[in-house]
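**Q** data-v8.cif is reproduced below (mmCIF, C-alpha atoms).
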data_data
#
loop_
_atom_site.label_atom_id
_atom_site.label_comp_id
_atom_site.auth_asym_id
_atom_site.auth_seq_id
_atom_site.Cartn_x
_atom_site.Cartn_y
_atom_site.Cartn_z
CA MET A 1428 81.33 49.28 98.85
CA PRO A 1429 84.01 46.81 97.73
CA VAL A 1430 86.47 47.59 94.99
CA GLN A 1431 85.39 44.47 93.15
CA TYR A 1432 82.12 46.16 92.34
CA TYR A 1433 83.96 48.82 90.37
CA ILE A 1434 86.24 46.24 88.80
CA PHE A 1435 83.27 44.29 87.50
CA LEU A 1436 81.55 47.44 86.27
CA SER A 1437 84.69 48.43 84.39
CA ILE A 1438 85.06 44.95 82.93
CA ALA A 1439 81.45 45.03 81.76
CA LEU A 1440 81.87 48.45 80.14
CA PHE A 1441 85.14 47.39 78.51
CA CYS A 1442 83.60 44.22 77.12
CA ILE A 1443 80.64 46.13 75.76
CA GLY A 1444 83.16 48.36 73.99
CA VAL A 1445 85.00 45.33 72.59
CA MET A 1446 81.72 43.86 71.42
CA GLY A 1447 80.85 47.11 69.70
CA VAL A 1448 84.17 47.28 67.91
CA LEU A 1449 83.75 43.73 66.68
CA MET A 1450 80.08 43.95 65.76
CA ARG A 1451 79.53 47.32 64.18
CA ARG A 1452 80.81 48.43 60.82
CA ASN A 1453 80.17 52.13 61.07
CA ALA A 1454 83.55 53.75 61.66
CA ILE A 1455 82.13 56.48 63.90
CA ILE A 1456 80.44 53.97 66.19
CA ILE A 1457 83.67 52.00 66.40
CA PHE A 1458 85.35 55.22 67.52
CA MET A 1459 82.71 55.74 70.19
CA CYS A 1460 83.22 52.20 71.44
CA ILE A 1461 86.93 52.93 71.75
CA GLU A 1462 86.03 55.95 73.88
CA LEU A 1463 83.87 53.67 75.99
CA MET A 1464 86.79 51.31 76.56
CA LEU A 1465 89.06 54.19 77.53
CA ASN A 1466 86.47 55.37 80.02
CA ALA A 1467 86.14 51.91 81.55
CA VAL A 1468 89.88 51.96 82.20
CA ASN A 1469 89.64 55.47 83.64
CA LEU A 1470 86.90 54.40 86.02
CA LEU A 1471 88.99 51.47 87.19
CA MET A 1472 91.98 53.70 87.77
CA VAL A 1473 89.97 56.21 89.79
CA SER A 1474 88.60 53.43 91.98
CA PHE A 1475 92.12 52.14 92.61
CA SER A 1476 93.17 55.69 93.43
CA LYS A 1477 90.40 55.83 96.02
CA MET A 1478 91.53 52.48 97.42
CA TRP A 1479 95.10 53.77 97.61
CA ALA A 1480 93.97 56.94 99.35
CA ASP A 1481 91.99 54.91 101.88
CA ALA A 1482 95.14 52.97 102.62
CA GLY A 1483 96.74 56.26 103.60
CA ARG A 1484 99.22 56.55 100.75
CA VAL A 1485 100.21 60.09 99.92
CA ASP A 1486 100.71 59.54 96.20
CA ALA A 1487 97.17 58.45 95.42
CA GLY A 1488 96.77 61.54 93.25
CA SER A 1489 99.13 60.15 90.62
CA ALA A 1490 96.47 57.75 89.39
CA GLN A 1491 94.03 60.60 88.93
CA LEU A 1492 96.62 62.51 86.96
CA PHE A 1493 97.11 59.47 84.78
CA VAL A 1494 93.38 59.57 84.09
CA PHE A 1495 93.76 63.23 83.22
CA PHE A 1496 96.51 62.46 80.72
CA ILE A 1497 94.44 59.65 79.22
CA MET A 1498 91.65 62.17 78.65
CA VAL A 1499 94.11 64.53 76.95
CA VAL A 1500 95.37 61.83 74.64
CA ALA A 1501 91.81 60.68 73.90
CA ALA A 1502 90.83 64.20 72.90
CA ALA A 1503 93.79 64.47 70.53
CA GLU A 1504 93.05 61.05 69.11
CA VAL A 1505 89.43 61.92 68.47
CA ALA A 1506 90.37 65.11 66.65
CA VAL A 1507 92.73 63.31 64.27
CA GLY A 1508 90.49 60.27 63.88
CA LEU A 1509 87.42 62.25 63.00
CA ALA A 1510 89.44 64.22 60.46
CA ILE A 1511 90.50 60.94 58.87
CA ILE A 1512 86.91 59.65 58.87
CA THR A 1513 85.75 62.87 57.27
CA MET A 1514 88.36 62.47 54.54
CA VAL A 1515 87.35 58.84 53.96
CA TYR A 1516 83.73 59.90 53.71
CA ARG A 1517 84.64 62.62 51.28
CA ASN A 1518 86.46 60.18 49.05
CA THR A 1519 84.17 57.18 49.23
CA HIS A 1520 80.83 58.60 50.42
CA SER A 1521 80.57 55.95 53.09
CA VAL A 1522 81.91 55.25 56.56
CA ASP A 1523 81.68 51.50 56.22
CA ILE A 1524 84.97 50.03 57.37
CA ASN A 1525 84.82 47.25 54.81
CA ILE A 1526 85.69 49.81 52.19
CA LEU A 1527 88.92 50.47 54.01
CA ASN A 1528 90.34 46.99 53.48
CA ARG A 1529 92.29 48.42 50.61
CA LEU A 1530 93.90 51.73 51.36
CA LYS A 1531 94.75 52.50 47.77
CA ASN A 1532 92.05 53.96 45.52
CA MET B 646 74.07 50.97 92.05
CA VAL B 647 71.44 52.83 90.07
CA LEU B 648 74.20 54.74 88.30
CA SER B 649 75.91 51.52 87.28
CA VAL B 650 72.70 50.03 85.91
CA ILE B 651 72.07 53.18 83.88
CA ALA B 652 75.69 53.11 82.67
CA LEU B 653 75.45 49.52 81.51
CA ILE B 654 72.09 49.97 79.82
CA SER B 655 73.18 53.06 77.95
CA ALA B 656 76.47 51.44 76.99
CA LEU B 657 74.50 48.59 75.49
CA GLY B 658 72.41 51.22 73.75
CA VAL B 659 75.55 52.62 72.13
CA VAL B 660 76.37 49.26 70.63
CA LEU B 661 72.90 48.06 69.71
CA SER B 662 71.08 51.13 68.42
CA LYS B 663 70.58 51.40 64.69
CA ASN B 664 70.69 55.17 64.52
CA PRO B 665 74.15 56.69 65.08
CA VAL B 666 72.68 59.80 66.73
CA THR B 667 70.98 57.60 69.33
CA SER B 668 74.34 55.98 69.94
CA VAL B 669 75.92 59.36 70.59
CA LEU B 670 73.18 60.33 73.03
CA CYS B 671 73.48 56.99 74.86
CA LEU B 672 77.22 57.53 75.10
CA ILE B 673 76.65 60.95 76.64
CA VAL B 674 74.39 59.34 79.27
CA THR B 675 77.13 56.79 79.96
CA PHE B 676 79.67 59.56 80.41
CA PHE B 677 77.44 61.39 82.88
CA THR B 678 77.00 58.25 84.95
CA ILE B 679 80.75 57.71 84.95
CA ALA B 680 81.15 61.30 86.12
CA GLY B 681 78.69 60.48 88.91
CA HIS B 682 80.90 57.59 89.92
CA TYR B 683 83.90 59.92 89.98
CA ILE B 684 82.07 62.25 92.34
CA MET B 685 81.13 59.33 94.56
CA MET B 686 84.79 58.39 94.73
CA ASN B 687 85.85 61.93 95.68
CA ALA B 688 87.49 62.74 92.36
CA GLN B 689 85.70 66.04 91.90
CA PHE B 690 88.26 67.59 89.57
CA LEU B 691 88.19 64.56 87.30
CA ALA B 692 84.40 64.56 87.25
CA VAL B 693 84.28 68.16 86.11
CA VAL B 694 87.03 67.67 83.53
CA HIS B 695 85.31 64.53 82.32
CA ILE B 696 82.03 66.32 81.74
CA ILE B 697 83.72 69.29 80.07
CA VAL B 698 86.02 67.28 77.83
CA TYR B 699 83.80 64.35 76.92
CA ALA B 700 80.24 65.58 77.05
CA GLY B 701 81.23 69.11 76.10
CA ALA B 702 83.87 68.71 73.45
CA ILE B 703 84.28 65.19 72.12
CA MET B 704 80.61 64.32 71.87
CA VAL B 705 79.85 67.63 70.20
CA LEU B 706 82.57 66.79 67.69
CA PHE B 707 81.01 63.38 67.06
CA LEU B 708 77.54 64.86 66.67
CA TYR B 709 78.90 67.53 64.35
CA VAL B 710 80.57 64.98 62.10
CA LEU B 711 77.44 62.80 62.11
CA MET B 712 75.23 65.70 61.15
CA LEU B 713 77.73 66.80 58.54
CA MET B 714 77.68 63.41 56.89
CA ASN B 715 73.93 63.11 57.25
CA LEU B 716 74.09 59.47 58.23
CA ASN B 717 70.88 59.45 60.21
CA ALA B 718 68.84 57.51 57.77
CA GLU B 719 71.60 55.47 56.24
CA LEU B 720 71.34 51.80 57.02
CA GLU B 721 74.36 49.73 57.73
CA PRO B 722 74.61 46.87 55.29
CA GLN B 723 73.74 43.73 57.18
CA LYS B 724 75.27 41.16 54.98
CA ARG B 725 77.23 38.95 57.28
CA ASN B 726 75.18 38.08 60.30
CA TRP B 727 77.52 35.45 61.65
CA LEU B 728 80.19 38.12 62.05
CA LYS B 729 77.93 39.91 64.51
CA TYR B 730 77.35 36.76 66.50
CA ALA B 731 81.06 36.04 66.47
CA GLY B 732 81.76 39.53 67.82
CA ALA B 733 79.15 39.22 70.55
CA ILE B 734 80.36 35.78 71.56
CA SER B 735 83.99 36.80 71.72
CA GLY B 736 83.15 39.91 73.75
CA GLY B 737 81.07 37.82 76.11
CA ALA B 738 83.87 35.28 76.39
CA LEU B 739 86.27 38.05 77.37
CA LEU B 740 83.76 39.19 80.00
CA VAL B 741 83.42 35.68 81.41
CA VAL B 742 87.18 35.12 81.51
CA LEU B 743 87.92 38.42 83.25
CA VAL B 744 85.12 38.04 85.78
CA ALA B 745 86.12 34.45 86.54
CA ALA B 746 89.74 35.52 86.99
CA LEU B 747 88.90 38.34 89.40
CA ARG B 748 85.98 36.80 91.25
CA ASP B 749 88.02 35.39 94.09
CA ALA B 750 90.42 38.31 94.47
CA SER B 751 90.23 39.79 97.93
CA MET B 752 90.07 43.56 97.85
CA PRO B 753 89.47 46.03 100.64
CA ALA B 754 86.20 47.90 100.75
CA LEU B 755 86.20 51.56 99.83
CA SER B 756 85.49 53.75 102.82
CA THR B 757 82.75 56.31 102.62
CA GLN B 758 84.57 59.12 104.35
CA PRO B 759 85.82 61.79 101.98
CA THR B 760 89.43 62.03 100.97
CA GLU B 761 91.24 65.16 99.92
CA VAL B 762 93.12 63.57 97.05
CA GLY B 763 90.78 64.52 94.24
CA LEU B 764 90.60 68.20 95.02
CA ILE B 765 92.13 70.48 92.45
CA LYS B 766 94.53 71.93 95.01
CA ASN B 767 96.29 68.64 95.65
CA LEU B 768 96.14 67.48 92.04
CA GLY B 769 97.62 70.77 90.87
CA GLN B 770 100.47 70.41 93.34
CA ILE B 771 101.27 66.95 91.99
CA LEU B 772 100.79 67.97 88.37
CA PHE B 773 103.07 70.97 88.46
CA LYS B 774 105.71 69.48 90.74
CA GLN B 775 105.99 65.84 89.81
CA TYR B 776 104.56 65.71 86.32
CA VAL B 777 105.61 68.97 84.68
CA LEU B 778 107.40 67.29 81.79
CA PRO B 779 104.47 65.02 80.75
CA PHE B 780 102.20 68.03 81.02
CA GLU B 781 104.31 70.04 78.59
CA VAL B 782 104.70 67.06 76.28
CA SER B 783 100.93 66.61 76.22
CA SER B 784 100.54 70.24 75.24
CA ILE B 785 102.87 69.63 72.30
CA LEU B 786 100.84 66.53 71.49
CA PHE B 787 97.68 68.61 71.47
CA LEU B 788 99.25 71.18 69.17
CA SER B 789 100.45 68.53 66.75
CA ALA B 790 97.06 66.80 66.81
CA MET B 791 95.38 70.11 65.99
CA VAL B 792 97.76 70.80 63.12
CA GLY B 793 97.40 67.21 61.93
CA ALA B 794 93.63 67.39 61.94
CA VAL B 795 93.71 70.57 59.90
CA VAL B 796 96.23 69.13 57.44
CA ILE B 797 94.29 65.89 57.01
CA GLY B 798 90.96 67.64 56.67
CA LYS B 799 92.25 70.13 54.15
CA LYS B 800 90.76 69.85 50.72
CA ASP B 801 93.51 68.92 48.34
#
What is this file in structure tokens?
**A**
Amino acid sequence: MPVQYYIFLSIALFCIGVMGVLMRRNAIIIFMCIELMLNAVNLLMVSFSKMWADAGRVDAGSAQLFVFFIMVVAAAEVAVGLAIITMVYRNTHSVDINILNRLKN
Amino acid sequence: MVLSVIALISALGVVLSKNPVTSVLCLIVTFFTIAGHYIMMNAQFLAVVHIIVYAGAIMVLFLYVLMLMNLNAELEPQKRNWLKYAGAISGGALLVVLVAALRDASMPALSTQPTEVGLIKNLGQILFKQYVLPFEVSSILFLSAMVGAVVIGKKD
């Protein structure tokens, strides 16, 4: 199975995430699309790690550890982001991002 | 192949569904298919961590916040339709540009024989020998994110 197959799958997932960020106005769905984009990149990096391992390189595990760190950062980001969304909802009773164009009041 | 088709369809479901809870469930399906890809590429540790972290923790957090806000029935205001088309067109343009750029790249085929790289034994060796400092820094990051979430979410 060629690596291009995984590259195109990752590109498609990433572009769906970009589309979602641009199209939707619900802040939570925008967050989920960001997660989708992060996962597209992770998938690409794992496929390159597999390609590297097939080439006989010993340090192919580094890419997988990068994916691991990306997951860690994504988890931290989601915790803080959802807290912010909850605060916004508590103040404005909406998660529409158009309300956020002015941060004051 | 089947996994990729399911992944793409459910990813489209995330973007296009009207109900946010349906979006979350579609995203969980996408994550499981991505975990299936990880297993096919001999990244067993990553597949397990992916399922635990994403499907187990992050998606539960999303669902919890959605249920807390009770947004199930709330409709998104659909005032500006051209903005949606603009978003879809620009995303599709990005897709076309990236695919056209990478179409002619020559890449080796992935072999089907298993590799030992993704096993937790080897990854642990690399993590605790080569990447100890980033590991500790990420633990501090986690702690600060936890404290930050509590501070932000505190009722003031």
**Q** Quick one: which residues from chain A are at most 6 Å off chain B, using all atoms listed in the file, as a list in words?
**A**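 Interface list for chain A against chain B: Met1428, Pro1429, Val1430, Cys1442, Val1445, Met1446, Gly1447, Leu1449, Met1450, Met1478, Gly1488, Ala1503, Val1507 and Ala1510 of chain A.
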**Q** Using all atoms of region 1504-1512 of chain A that appear in the file, construct an axis-aligned enclosing box with 4 Å of padding on every side and provide its centre coordinates and edge lengths in Å, rounded to one decimal, as JSON.
**A**
{"center_x": 90.0, "center_y": 62.4, "center_z": 64.0, "size_x": 14.1, "size_y": 13.5, "size_z": 18.2}
**Q** Between CA of Phe1495 (chain A) and CA of Asp1481 (chain A), what distance in Å does the model show, to one decimal?
**A**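 Interatomic distance, CA of Phe1495 (chain A) to CA of Asp1481 (chain A): 20.5 Å.
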**Q** Tell me which of A:Leu1527, A:Leu1436, A:Ile1457, A:Met1472 sits closest to Ile1497 (chain A), counting only C-alpha atoms.
**A** A:Met1472
**Q** Could you write out as a list in words the residues that the PyMOL selection byres ((chain A and resi 1441) around 8) matches in the shown file?
**A**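 For this structure, the PyMOL selection byres ((chain A and resi 1441) around 8) resolves to Ser1437, Ile1438, Ala1439, Leu1440, Cys1442, Ile1443, Gly1444, Val1445, Leu1463, Met1464, Leu1465, Ala1467 and Val1468 of chain A.
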**Q** List the neighbours of region 1514-1523 of chain A out to 6 Å using only C-alpha atoms; skip same-chain residues closer than 5 positions along the sequence, and give me the result as a list in words.
**A** Arg1452, Asn1453 and Ala1454 of chain A
**Q** Have a look at CA of Gln689 (chain B) and CA of Lys1477 (chain A) and let me know their distance in Å, one decimal.
**A**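 Distance reported for this atom pair: 12.0 Å.
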**Q** Give me, please, the distance in Å between CA of Val1494 (chain A) and CA of Thr1513 (chain A), quoted to one decimal.
**A**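 That distance, rounded to one decimal, is 28.1 Å.
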**Q** Could you model N, CA and C atoms for region 1428-1456 of chain A and present them as a JSON list (two decimals), in the coordinates of the input?
**A**
[["chain", "number", "residue", "atom", "x", "y", "z"],
["A", 1428, "MET", "N", 81.51, 49.82, 100.20],
["A", 1428, "MET", "CA", 81.33, 49.28, 98.85],
["A", 1428, "MET", "C", 82.66, 48.68, 98.37],
["A", 1429, "PRO", "N", 82.72, 47.41, 98.09],
["A", 1429, "PRO", "CA", 84.01, 46.81, 97.73],
["A", 1429, "PRO", "C", 84.53, 47.28, 96.39],
["A", 1430, "VAL", "N", 85.85, 47.16, 96.24],
["A", 1430, "VAL", "CA", 86.47, 47.59, 94.99],
["A", 1430, "VAL", "C", 86.06, 46.67, 93.85],
["A", 1431, "GLN", "N", 85.77, 45.43, 94.19],
["A", 1431, "GLN", "CA", 85.39, 44.47, 93.15],
["A", 1431, "GLN", "C", 84.19, 44.94, 92.33],
["A", 1432, "TYR", "N", 83.29, 45.62, 93.03],
["A", 1432, "TYR", "CA", 82.12, 46.16, 92.34],
["A", 1432, "TYR", "C", 82.54, 47.06, 91.18],
["A", 1433, "TYR", "N", 83.49, 47.93, 91.45],
["A", 1433, "TYR", "CA", 83.96, 48.82, 90.37],
["A", 1433, "TYR", "C", 84.74, 48.05, 89.32],
["A", 1434, "ILE", "N", 85.49, 47.03, 89.78],
["A", 1434, "ILE", "CA", 86.24, 46.24, 88.80],
["A", 1434, "ILE", "C", 85.27, 45.57, 87.84],
["A", 1435, "PHE", "N", 84.20, 44.99, 88.38],
["A", 1435, "PHE", "CA", 83.27, 44.29, 87.50],
["A", 1435, "PHE", "C", 82.53, 45.26, 86.60],
["A", 1436, "LEU", "N", 82.20, 46.44, 87.12],
["A", 1436, "LEU", "CA", 81.55, 47.44, 86.27],
["A", 1436, "LEU", "C", 82.47, 47.85, 85.12],
["A", 1437, "SER", "N", 83.76, 48.05, 85.44],
["A", 1437, "SER", "CA", 84.69, 48.43, 84.39],
["A", 1437, "SER", "C", 84.85, 47.32, 83.38],
["A", 1438, "ILE", "N", 84.92, 46.08, 83.86],
["A", 1438, "ILE", "CA", 85.06, 44.95, 82.93],
["A", 1438, "ILE", "C", 83.85, 44.90, 82.01],
["A", 1439, "ALA", "N", 82.66, 45.10, 82.59],
["A", 1439, "ALA", "CA", 81.45, 45.03, 81.76],
["A", 1439, "ALA", "C", 81.46, 46.13, 80.70],
["A", 1440, "LEU", "N", 81.84, 47.36, 81.11],
["A", 1440, "LEU", "CA", 81.87, 48.45, 80.14],
["A", 1440, "LEU", "C", 82.91, 48.18, 79.06],
["A", 1441, "PHE", "N", 84.07, 47.66, 79.48],
["A", 1441, "PHE", "CA", 85.14, 47.39, 78.51],
["A", 1441, "PHE", "C", 84.68, 46.33, 77.52],
["A", 1442, "CYS", "N", 84.01, 45.29, 78.02],
["A", 1442, "CYS", "CA", 83.60, 44.22, 77.12],
["A", 1442, "CYS", "C", 82.49, 44.68, 76.18],
["A", 1443, "ILE", "N", 81.64, 45.58, 76.67],
["A", 1443, "ILE", "CA", 80.64, 46.13, 75.76],
["A", 1443, "ILE", "C", 81.34, 46.91, 74.65],
["A", 1444, "GLY", "N", 82.41, 47.64, 75.02],
["A", 1444, "GLY", "CA", 83.16, 48.36, 73.99],
["A", 1444, "GLY", "C", 83.80, 47.41, 73.00],
["A", 1445, "VAL", "N", 84.38, 46.31, 73.49],
["A", 1445, "VAL", "CA", 85.00, 45.33, 72.59],
["A", 1445, "VAL", "C", 83.96, 44.74, 71.65],
["A", 1446, "MET", "N", 82.81, 44.39, 72.23],
["A", 1446, "MET", "CA", 81.72, 43.86, 71.42],
["A", 1446, "MET", "C", 81.32, 44.84, 70.32],
["A", 1447, "GLY", "N", 81.24, 46.11, 70.69],
["A", 1447, "GLY", "CA", 80.85, 47.11, 69.70],
["A", 1447, "GLY", "C", 81.86, 47.21, 68.58],
["A", 1448, "VAL", "N", 83.15, 47.20, 68.95],
["A", 1448, "VAL", "CA", 84.17, 47.28, 67.91],
["A", 1448, "VAL", "C", 84.08, 46.08, 66.98],
["A", 1449, "LEU", "N", 83.78, 44.91, 67.54],
["A", 1449, "LEU", "CA", 83.75, 43.73, 66.68],
["A", 1449, "LEU", "C", 82.46, 43.64, 65.88],
["A", 1450, "MET", "N", 81.36, 44.16, 66.42],
["A", 1450, "MET", "CA", 80.08, 43.95, 65.76],
["A", 1450, "MET", "C", 79.75, 45.00, 64.73],
["A", 1451, "ARG", "N", 80.02, 46.25, 65.05],
["A", 1451, "ARG", "CA", 79.53, 47.32, 64.18],
["A", 1451, "ARG", "C", 80.49, 47.55, 63.03],
["A", 1452, "ARG", "N", 79.95, 48.13, 61.96],
["A", 1452, "ARG", "CA", 80.81, 48.43, 60.82],
["A", 1452, "ARG", "C", 80.83, 49.91, 60.47],
["A", 1453, "ASN", "N", 80.11, 50.68, 61.24],
["A", 1453, "ASN", "CA", 80.17, 52.13, 61.07],
["A", 1453, "ASN", "C", 81.40, 52.66, 61.79],
["A", 1454, "ALA", "N", 82.27, 53.36, 61.07],
["A", 1454, "ALA", "CA", 83.55, 53.75, 61.66],
["A", 1454, "ALA", "C", 83.36, 54.68, 62.85],
["A", 1455, "ILE", "N", 82.34, 55.53, 62.81],
["A", 1455, "ILE", "CA", 82.13, 56.48, 63.90],
["A", 1455, "ILE", "C", 81.71, 55.75, 65.16],
["A", 1456, "ILE", "N", 80.88, 54.72, 65.00],
["A", 1456, "ILE", "CA", 80.44, 53.97, 66.19],
["A", 1456, "ILE", "C", 81.59, 53.17, 66.75]]
